[in-house]
Amino acid sequence: MGTAIRIQPADDVRSFAPEPDDGATSLREVPATPAVRHVERSDTAAPVGTLRSSAFRRLLRSEGPAMLLALVSIGLLIGFWYLATAYRWDFYIRFTHIPGPVEVYRDALALFGDPKFMTNITISLRRIMLGFIVATVLGVGFGLLIGRYRTVRGLLFPAMEILRPIPAIAWVPMSIMLWPTTETSIVFITFLGAFFPILLNTMHGVATMDSVLVRAARCLGANEYALMTQVVLRGAMPHIFTGLSVGMGVAWVSLIAAEMISGQYGVGYFTWEAYSLIEYSHIVIGMLVIGVLGLLCSGAIRLLARLAMPWQVSVGKENTR
Amino acid sequence: MNATSVPGKGHIEIRDVCVRFTQNGVPLDAVSEVSLDVKPGEFVSIVGPSGCGKSTLLNIVAGFLKPHQGIVSVDGSPVGGPGADRGVVFQQYSLFPWLRVRENVEFGLKMKGVSRSARETKARTLLGLAGLLSFENHYPEQLSGGMKQRVGIVRALATSPQVMLMDEPFGALDSQTRVVMQEILTNMWQQLQLSVLFITHDIEEAIFLSDKIYVMTARPGRIKAEIPVPLPRPRTPEMTSSPTFLALHRQLKALIREESLAAMGGELKEGGLAGHDWHVGAEGVGAML
C-alpha cells in the first residue's frame, strides 16, 4: 500500500519556506509617494503597518493571478453544487436528496455550537494521535533496525510482508475480537494504517543513505549506538517524513472506516449516523470536517519536518528566492 | 596544537598484504603481496592505473577492509577496525548534511566525550587555520566543493590523529581549486607534523605533495616502484617547472602508462592493435607523451 505512493518531502518543505521579508524589498516599496511617507512618520505604529502592507502588496502581485484562479475554481465547485441541488438535477447521478450549500452552511453554524459535535472531533483527533504516535515510534524503530541489521531483517521482514498487503480496514472484525474495548480496537486500526508506510519509508531511507557517511562516522570514533541515533536516523529523516506524510493520510482513511463500522463517537461515526438519521446536511458537514482535519494533520507533519530538518530549509531558500 | 601526537608517532607498516575479492564466484586478487612504509611525519603517495587497488589498500589501513593475508599496523599495533587515531578524508566530501560546519568538525570530539566548550575551541581553531571560521554556522550544502573538502580535512584533523589517510581527496575539484588545496594541505601538514598516506591518480599532485611515491601495477596491485621526491620543503608552485620535477614527472608517467597498457593488454591484442609494432619502453612512451 505504502510503497507505490511516495512524495518528496524536500519539495514540500521548500514550498513551506517563509517568504523572506528582507530589508531590500521594503526599501524598494516604501517611497511610494511623499504623502504616504508623511503619514508614516506621524504615526508611531506606521512602520509595522507599512511593512505588513508592502509585504501584502508584494504577495498580491506575485500570488494575485494564482489566488484569482483558486477563487474561480472553488466558486465553480460551489456554483455547480448550488445549481444541482436547487434544481434537483437527476441525470443518472441524483441530486434530489442532496442538501444545498445554504442549508449546509446554516446547519454547520448550529452544529459548531453543539458540544456533542465537538466531542466527536476531539475523540477522532485523540484516536489519530494515539495510533499515529505508536506507529511512528514502532515504524521508525523497526525500520532503522531492519534497514541496518540483516539478521533483524531476515527475522522480522517476511512476517511483515505477509501482513502488509492486508488493508487496515480488513482488520476491523479481527481487531474487535482482539482488543478489550472498541476504543482500543479503533486506535489499533488507525495504527495499522500508519505503520507500514512509516516502516517501509524508514527502511528505504536507511538503504538509500550514502554509505560513505556511515564510514566517515565510524572512523571518527562513533560506536554503534551513536551511529544509529546520530547518523543513520538523521540521514534517513527525509524519507521518514515522507513515510509520516503518507502514513497520516492512510491513518485517516483507516480511522474513518473503522469509526463508520464499529464506532461510537468520532467524525466518521457522526457522518454515518447522519445518513441513518436522515440528516443529510450533516453528511456534508462530516465530510468537510474530515477533509479539514486531514489537511491540518498533514500541515502539522510538514511543519514538524521543517523544524526537524533545518538544513533542508536552508537549501530550499536558495532555490525559492 | 597537536598536543596528543608525540613527534615520532604515526608509523604505518604494511607487510605482505593480499586482498582477494570474489567476483561472479571467481576469486580475484585485488592487491597482492604489498609491503610499504609511511615513516612518522612522512607524506607518502600511492599512484597507479585505475582499478589497481590503491583505494583498497587505503581502506585496509582505515580498517574498513580486512586483508586476506599480511599485517597492517600503525605505531606497532595491528589495525582492527576504523578508529579516530587514523583520520580519513574521502573523495566524496562525506560531510554530514544535517550538521553545520562547526558541528561537523566537532563530531569526532563529541564521540570522544570532549566537553562542549573544549570542542568549540578546538573546532574554531582548526577552522581558522583552514580559513573557514566565517562559515562555521553554514550547512555543507551552502559551501563550494573546495570549502567542503577543507571542512572534511579539518574534521579528520580534529581528533588529533597520528596519521591521515586521503583517498583522492581533490579528485572532484576543478584544477584551479585543486592547486590551491594542495598548497593549503602542505601548509597544514607541515604545521601539524603528521604522517599522510595519499591516494591519487594525478602525477603532478603526487610529486608536489610527497616525500615518497609508490607506483602500483595493474591488477592484481603490486608495488612496482618506490620513488623518493628530492624536492626541498616548503614546496612552491614554481617548483613544478624545475628540471627535477619534470624528470620525475616523465619517469612516473612512463611507469603508469606501462601498467595501464598492461591492464588493457589482452583486449588490445584481440582488437588487432597488437599487429602494429608497439614497443612500450619506459623512456619511449614518456617521450611520446
# chains A, B, ... in the order shown; residues from 1 in each chain; ligands from 1
$ residues_around --residues "Asn187 in chain B" --least-positions-apart "3" --cutoff "12 Å" --atoms "only C-alpha atoms" --output "list of chain:residue names"
B:Leu129, B:Ala130, B:Val180, B:Met181, B:Gln182, B:Glu183, B:Ile184, B:Gln190, B:Gln191, B:Leu192, B:Gln193, B:Leu194, B:Leu209, B:Arg233, B:Pro234, B:Arg235, B:Thr236
$ select_by_dssp --residues "range 6-184 of chain B" --states "strand (DSSP E or B)" --output "PyMOL selection string"
chain B and resi 12-23+26-38+43-47+69-74+77-78+86-89+163-167
$ closest_residue --among "B:Lys39, B:His68, B:Lys110, B:Lys9" --to "chain A" --atoms "only C-alpha atoms"
B:Lys110
$ interface_residues --of "chain B" --to "chain A" --cutoff "6 Å" --atoms "only C-alpha atoms" --output "ChimeraX atom specification"
/B:82-84,94,98,108,111
$ write_last_selection --atoms "C-alpha atoms" --output "mmCIF file, in the first residue's frame"
data_model
loop_
_atom_site.group_PDB
_atom_site.id
_atom_site.type_symbol
_atom_site.label_atom_id
_atom_site.label_comp_id
_atom_site.auth_asym_id
_atom_site.auth_seq_id
_atom_site.Cartn_x
_atom_site.Cartn_y
_atom_site.Cartn_z
ATOM 1 C CA PRO B 82 38.076 2.056 11.975
ATOM 2 C CA GLY B 83 39.116 4.468 14.671
ATOM 3 C CA ALA B 84 39.736 8.118 15.401
ATOM 4 C CA SER B 94 31.229 12.914 3.188
ATOM 5 C CA TRP B 98 22.341 17.815 8.787
ATOM 6 C CA GLY B 108 34.807 13.172 16.359
ATOM 7 C CA MET B 111 32.273 10.842 20.125
#
$ residues_around --residues "Glu106 in chain B" --least-positions-apart "4" --cutoff "10 Å" --atoms "only C-alpha atoms" --output "list in words"
Leu220 of chain A; Leu99, Arg100, Val101, Arg102, Lys110, Met111, Lys112, Val114, Arg116, Ala118, Arg119, Glu120, Thr121, Lys122, Ala123, Arg124, Val154, Arg155, Ala156, Ala158 and Thr159 of chain B
$ residues_around --residues "Gln69 in chain B" --least-positions-apart "4" --cutoff "9 Å" --atoms "only C-alpha atoms" --output "MDAnalysis selection string"
chainID B and resid 16:19 33
$ closest_residue --among "A:Phe112, A:Phe270, A:Phe195, A:Phe91" --to "Ser254 in chain A" --atoms "only C-alpha atoms"
A:Phe195
$ residues_around --residues "Arg15 in chain B" --least-positions-apart "4" --cutoff "8 Å" --atoms "only C-alpha atoms" --output "PyMOL selection string"
chain B and resi 33-36+70-72
$ residues_around --residues "range 95-102 of chain A" --least-positions-apart "2" --cutoff "7 Å" --atoms "only C-alpha atoms" --output "PyMOL selection string"
chain A and resi 81-82+84-86+88-90+93+104-106+280-281
$ select_by_dssp --residues "range 161-217 of chain B" --states "alpha helix (DSSP H)" --output "tab-separated table (two decimals) with N, CA and C atoms, in the first residue's frame"
chain	number	residue	atom	x	y	z
B	175	SER	N	40.68	22.14	-11.61
B	175	SER	CA	42.14	22.15	-11.48
B	175	SER	C	42.66	23.36	-10.72
B	176	GLN	N	42.01	24.53	-10.85
B	176	GLN	CA	42.48	25.71	-10.12
B	176	GLN	C	42.32	25.50	-8.61
B	177	THR	N	41.12	25.07	-8.22
B	177	THR	CA	40.86	24.83	-6.81
B	177	THR	C	41.82	23.78	-6.26
B	178	ARG	N	42.05	22.77	-7.08
B	178	ARG	CA	42.91	21.67	-6.69
B	178	ARG	C	44.32	22.16	-6.32
B	179	VAL	N	44.87	23.05	-7.15
B	179	VAL	CA	46.22	23.56	-6.89
B	179	VAL	C	46.26	24.32	-5.56
B	180	VAL	N	45.22	25.14	-5.32
B	180	VAL	CA	45.17	25.89	-4.06
B	180	VAL	C	45.06	24.93	-2.88
B	181	MET	N	44.22	23.90	-3.04
B	181	MET	CA	44.02	22.93	-1.96
B	181	MET	C	45.32	22.20	-1.64
B	182	GLN	N	46.10	21.92	-2.68
B	182	GLN	CA	47.38	21.24	-2.46
B	182	GLN	C	48.30	22.09	-1.60
B	183	GLU	N	48.30	23.39	-1.88
B	183	GLU	CA	49.14	24.28	-1.08
B	183	GLU	C	48.66	24.36	0.35
B	184	ILE	N	47.33	24.47	0.52
B	184	ILE	CA	46.77	24.51	1.87
B	184	ILE	C	47.14	23.24	2.63
B	185	LEU	N	47.04	22.11	1.92
B	185	LEU	CA	47.33	20.83	2.58
B	185	LEU	C	48.80	20.74	3.01
B	186	THR	N	49.73	21.13	2.12
B	186	THR	CA	51.15	21.05	2.52
B	186	THR	C	51.42	21.96	3.72
B	187	ASN	N	50.79	23.13	3.72
B	187	ASN	CA	50.98	24.05	4.85
B	187	ASN	C	50.49	23.43	6.15
B	188	MET	N	49.28	22.87	6.10
B	188	MET	CA	48.72	22.29	7.32
B	188	MET	C	49.57	21.10	7.77
B	189	TRP	N	50.00	20.30	6.81
B	189	TRP	CA	50.79	19.12	7.13
B	189	TRP	C	52.08	19.51	7.83
B	190	GLN	N	52.71	20.59	7.34
B	190	GLN	CA	53.97	21.00	7.95
B	190	GLN	C	53.76	21.54	9.36
B	191	GLN	N	52.63	22.21	9.58
B	191	GLN	CA	52.36	22.73	10.92
B	191	GLN	C	52.02	21.63	11.91
B	192	LEU	N	51.31	20.61	11.44
B	192	LEU	CA	50.78	19.61	12.37
B	192	LEU	C	51.69	18.40	12.52
B	203	ILE	N	49.67	12.62	-11.24
B	203	ILE	CA	51.11	12.51	-11.01
B	203	ILE	C	51.69	13.80	-10.46
B	204	GLU	N	51.27	14.93	-11.04
B	204	GLU	CA	51.78	16.22	-10.60
B	204	GLU	C	51.47	16.46	-9.13
B	205	GLU	N	50.24	16.12	-8.77
B	205	GLU	CA	49.81	16.27	-7.39
B	205	GLU	C	50.68	15.44	-6.46
B	206	ALA	N	50.95	14.18	-6.88
B	206	ALA	CA	51.76	13.28	-6.06
B	206	ALA	C	53.15	13.85	-5.84
B	207	ILE	N	53.77	14.36	-6.93
B	207	ILE	CA	55.13	14.90	-6.80
B	207	ILE	C	55.14	16.14	-5.92
B	208	PHE	N	54.19	17.02	-6.17
B	208	PHE	CA	54.15	18.30	-5.44
B	208	PHE	C	54.00	18.09	-3.93
B	209	LEU	N	53.22	17.08	-3.55
B	209	LEU	CA	52.91	16.90	-2.13
B	209	LEU	C	53.88	15.99	-1.38
$ residues_around --residues "Leu165 in chain B" --least-positions-apart "2" --cutoff "7 Å" --atoms "only C-alpha atoms" --output "count of residues only"
10
$ atom_distance --atom1 "CA of Leu130 in chain A" --atom2 "CA of Trp171 in chain A"
17.7 Å
$ atom_distance --atom1 "CA of Ile153 in chain B" --atom2 "CA of Ala225 in chain B"
28.3 Å
$ decode --residues "range 110-203 of chain A" --atoms "C-alpha atoms" --output "short mmCIF file (atom, residue, chain, number, x, y, z; two decimals), in the first residue's frame"
data_model
loop_
_atom_site.label_atom_id
_atom_site.label_comp_id
_atom_site.auth_asym_id
_atom_site.auth_seq_id
_atom_site.Cartn_x
_atom_site.Cartn_y
_atom_site.Cartn_z
CA ALA A 110 -25.72 25.39 14.61
CA LEU A 111 -23.52 22.31 14.90
CA PHE A 112 -20.33 24.12 15.79
CA GLY A 113 -22.00 25.37 18.97
CA ASP A 114 -23.02 21.82 19.87
CA PRO A 115 -20.68 20.27 22.50
CA LYS A 116 -21.60 16.77 21.33
CA PHE A 117 -20.26 17.51 17.86
CA MET A 118 -17.07 18.94 19.33
CA THR A 119 -16.66 15.76 21.39
CA ASN A 120 -16.81 13.74 18.16
CA ILE A 121 -13.97 15.83 16.74
CA THR A 122 -11.77 15.60 19.83
CA ILE A 123 -12.31 11.84 20.06
CA SER A 124 -11.30 11.34 16.43
CA LEU A 125 -8.24 13.52 16.93
CA ARG A 126 -7.27 11.58 20.05
CA ARG A 127 -7.52 8.28 18.18
CA ILE A 128 -5.40 9.63 15.34
CA MET A 129 -2.78 10.96 17.75
CA LEU A 130 -2.51 7.73 19.72
CA GLY A 131 -2.45 5.44 16.69
CA PHE A 132 -0.09 7.68 14.78
CA ILE A 133 2.39 8.19 17.61
CA VAL A 134 2.62 4.46 18.32
CA ALA A 135 3.01 3.82 14.58
CA THR A 136 5.78 6.43 14.37
CA VAL A 137 7.73 5.00 17.31
CA LEU A 138 7.42 1.39 16.13
CA GLY A 139 7.67 2.14 12.40
CA VAL A 140 10.81 4.26 12.72
CA GLY A 141 12.33 1.95 15.35
CA PHE A 142 11.80 -1.26 13.40
CA GLY A 143 12.59 0.49 10.13
CA LEU A 144 16.02 1.53 11.41
CA LEU A 145 16.78 -1.92 12.84
CA ILE A 146 15.55 -3.80 9.77
CA GLY A 147 17.36 -1.40 7.49
CA ARG A 148 20.65 -1.69 9.30
CA TYR A 149 20.85 -5.31 10.51
CA ARG A 150 20.50 -8.16 8.07
CA THR A 151 19.58 -10.63 10.82
CA VAL A 152 16.74 -8.46 12.11
CA ARG A 153 15.55 -8.02 8.56
CA GLY A 154 15.61 -11.75 7.92
CA LEU A 155 13.72 -12.42 11.11
CA LEU A 156 11.03 -9.74 11.00
CA PHE A 157 10.52 -8.67 7.44
CA PRO A 158 8.98 -11.86 5.97
CA ALA A 159 6.25 -11.84 8.61
CA MET A 160 5.60 -8.16 7.99
CA GLU A 161 5.44 -8.76 4.25
CA ILE A 162 2.58 -11.19 4.81
CA LEU A 163 0.62 -8.71 6.92
CA ARG A 164 1.42 -5.64 4.82
CA PRO A 165 -0.94 -6.20 1.85
CA ILE A 166 -3.94 -6.59 4.18
CA PRO A 167 -5.70 -3.21 4.27
CA ALA A 168 -6.19 -1.85 7.77
CA ILE A 169 -9.99 -1.86 7.26
CA ALA A 170 -9.93 -5.63 6.72
CA TRP A 171 -8.68 -5.89 10.29
CA VAL A 172 -11.87 -4.42 11.79
CA PRO A 173 -13.63 -7.66 12.82
CA MET A 174 -10.37 -9.25 14.00
CA SER A 175 -9.47 -6.11 15.87
CA ILE A 176 -12.79 -6.03 17.72
CA MET A 177 -12.15 -9.61 18.82
CA LEU A 178 -8.52 -8.95 19.79
CA TRP A 179 -8.84 -5.82 21.86
CA PRO A 180 -10.81 -5.44 25.08
CA THR A 181 -12.58 -2.20 24.14
CA THR A 182 -13.95 -0.69 20.95
CA GLU A 183 -11.78 2.34 21.60
CA THR A 184 -8.51 0.37 21.59
CA SER A 185 -9.56 -1.59 18.52
CA ILE A 186 -10.20 1.64 16.58
CA VAL A 187 -6.84 3.04 17.69
CA PHE A 188 -5.27 -0.24 16.55
CA ILE A 189 -6.82 0.11 13.08
CA THR A 190 -5.50 3.68 12.87
CA PHE A 191 -2.07 2.47 13.97
CA LEU A 192 -2.04 -0.25 11.31
CA GLY A 193 -2.86 2.25 8.60
CA ALA A 194 0.07 4.47 9.51
CA PHE A 195 2.57 1.77 10.49
CA PHE A 196 3.50 0.22 7.15
CA PRO A 197 4.14 3.40 5.16
CA ILE A 198 6.33 4.67 8.01
CA LEU A 199 8.17 1.35 8.32
CA LEU A 200 8.85 0.98 4.62
CA ASN A 201 9.95 4.55 4.08
CA THR A 202 12.29 4.39 7.08
CA MET A 203 13.83 1.20 5.69
#
